[in-house]
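Asker: Sharing a structure here in structure tokens format.
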Amino acid sequence: MREALFFAVAAGSFVAIVWGGTDADASAEGDAAGIAEAKAEIAQAQADKSYAAWTSGETILPREGDGHFYASVAVNGTPVNFMVDTGASMVALTGTDARAAGLYWNDADVRPVARGASGPVYGVNVQLDHVSLGGHEASNVPGVIVPEGLGVSLLGQSFLRTIEPVRIESDRMVLGG
């Protein structure tokens with residue numbers, strides 16, 4: 001499978017180079033050069049994304065007794081235990097986990113940041129410099145610190161969407177691969 005993916009990436013890169021050279025050389029118009037550049041950028045972005053997924057491999061999380069999936073994730077280099085929440089739009093850190101990761105806030109900055117089942121969720125929006133789980137890494141990940149009322153940090157879509165695919169197979173969650 002990985003050999004086929006590598007071949008597809010290599011073929012896509014070759015096509016992008018040929019398109020770029022053909023369009024740029026065949027036309028004196030500025031539009032043709034712009035189209036060729038756009039095609040090359042799209043092909044390169046697809047190749048980069050495919051290559052990143054190929055090299056990071058799979059991370060497998062077992063389903064725990066409570067039915068959820070948990071992961072130890074490095075936030076700014078500090079290990080934090082998360083519950084994976086595919087329904088959460090952002091990474092949400094407890095106040096304790098945020099402080100451990102070197103993130104601080106003022107009480108005056110706390111405001112409604114989301115709506116939960118029991119009403120508004122109060123917290124502080126942040127950018128997480130670096131988040132990594134297994135071979136999957138992302139920078140400048142949007143997140144929120146929830147100083148009170150959150151029992152466990154939640155690994156939400158602001159990080160999960162950087163991993164493809166995310167799937168559940170029986171009693172395990174498979175990230176990447």
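Naming scheme: A, B, ... for chains in displayed order of the structure tokens; residues 1 onward per chain; ligands 1 onward as shown.
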In range 86-156 of chain A, what's strand (DSSP E) per DSSP? Answer as a count of residues only?
Answerer: 39
Asker: Excluding Asn81 in chain A and its own-chain neighbours fewer than 2 positions away, which residues fall within 12 Å of it when counting only C-alpha atoms? Please give them as an mmCIF file with C-alpha atoms, in the first residue's frame.
Answerer:
```cif
data_model
loop_
_atom_site.group_PDB
_atom_site.id
_atom_site.type_symbol
_atom_site.label_atom_id
_atom_site.label_comp_id
_atom_site.auth_asym_id
_atom_site.auth_seq_id
_atom_site.Cartn_x
_atom_site.Cartn_y
_atom_site.Cartn_z
ATOM 1 C CA PHE A 69 -10.501 6.539 23.484
ATOM 2 C CA TYR A 70 -7.631 8.185 25.368
ATOM 3 C CA ALA A 71 -4.204 9.338 24.256
ATOM 4 C CA SER A 72 -1.072 10.830 25.734
ATOM 5 C CA VAL A 73 -0.377 13.872 23.574
ATOM 6 C CA ALA A 74 2.557 16.289 23.768
ATOM 7 C CA VAL A 75 1.411 19.920 24.002
ATOM 8 C CA THR A 78 4.612 18.407 27.775
ATOM 9 C CA PRO A 79 2.712 15.097 27.910
ATOM 10 C CA MET A 83 -9.924 11.927 25.820
ATOM 11 C CA VAL A 84 -10.388 11.885 22.036
ATOM 12 C CA VAL A 91 -8.610 20.990 21.614
ATOM 13 C CA ALA A 92 -9.781 21.833 25.130
ATOM 14 C CA LEU A 93 -7.334 21.824 28.051
ATOM 15 C CA THR A 94 -8.156 21.696 31.729
ATOM 16 C CA THR A 96 -4.156 22.081 35.356
ATOM 17 C CA ASP A 97 -3.033 20.622 32.012
ATOM 18 C CA ALA A 98 -2.708 24.096 30.481
ATOM 19 C CA ALA A 100 1.667 22.113 32.969
ATOM 20 C CA ALA A 101 2.102 22.920 29.242
ATOM 21 C CA LEU A 133 0.613 12.298 18.944
ATOM 22 C CA GLY A 151 -12.684 16.758 34.098
ATOM 23 C CA VAL A 152 -10.257 15.727 31.343
ATOM 24 C CA SER A 153 -8.631 17.543 28.433
ATOM 25 C CA LEU A 154 -10.337 16.885 25.086
ATOM 26 C CA LEU A 155 -8.557 16.188 21.814
#
```
Asker: Work out how far CA of His68 in chain A is from CA of Arg172 in chain A, in Å to one decimal.
Answerer: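 Answer for the CA of Arg172 in chain A to CA of His68 in chain A separation: 9.7 Å.
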Asker: Which residue gives the smallest distance to Gly156 in chain A among A:Thr86, A:Thr59, A:Asn76, A:Asn125, with only C-alpha atoms counted?
Answerer: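 Comparing A:Thr86, A:Thr59, A:Asn76, A:Asn125 against Gly156 in chain A, the winner is A:Thr86.
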Asker: For a test of reading the model, state the distance in Å between CA of Gly176 in chain A and CA of Arg161 in chain A, rounded to one decimal.
Answerer: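 According to the coordinates, CA of Gly176 in chain A and CA of Arg161 in chain A are separated by 10.6 Å.
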Asker: What gap, in Å, lies between CA of His136 in chain A and CA of Asp85 in chain A?
Answerer: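 About the pair CA of His136 in chain A and CA of Asp85 in chain A: they are 16.7 Å apart.
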Asker: As a ChimeraX atom specification, please: the residues near Met173 in chain A (cut-off 7 Å, only C-alpha atoms, same-chain neighbours under 4 positions excluded).
Answerer: /A:60-62,167-169
Asker: For the residues selected in the previous step, produce a file with C-alpha atoms as a compact mmCIF listing (two decimals), in the first residue's frame.
Answerer:
```txt
# COMPACT_ATOMS: atom_id res chain seq x y z
CA ILE A 60 -3.79 2.99 17.28
CA LEU A 61 -5.79 3.82 20.41
CA PRO A 62 -7.71 1.05 22.20
CA ARG A 167 -11.46 5.79 11.73
CA ILE A 168 -12.88 3.38 14.28
CA GLU A 169 -12.40 -0.32 13.67
```
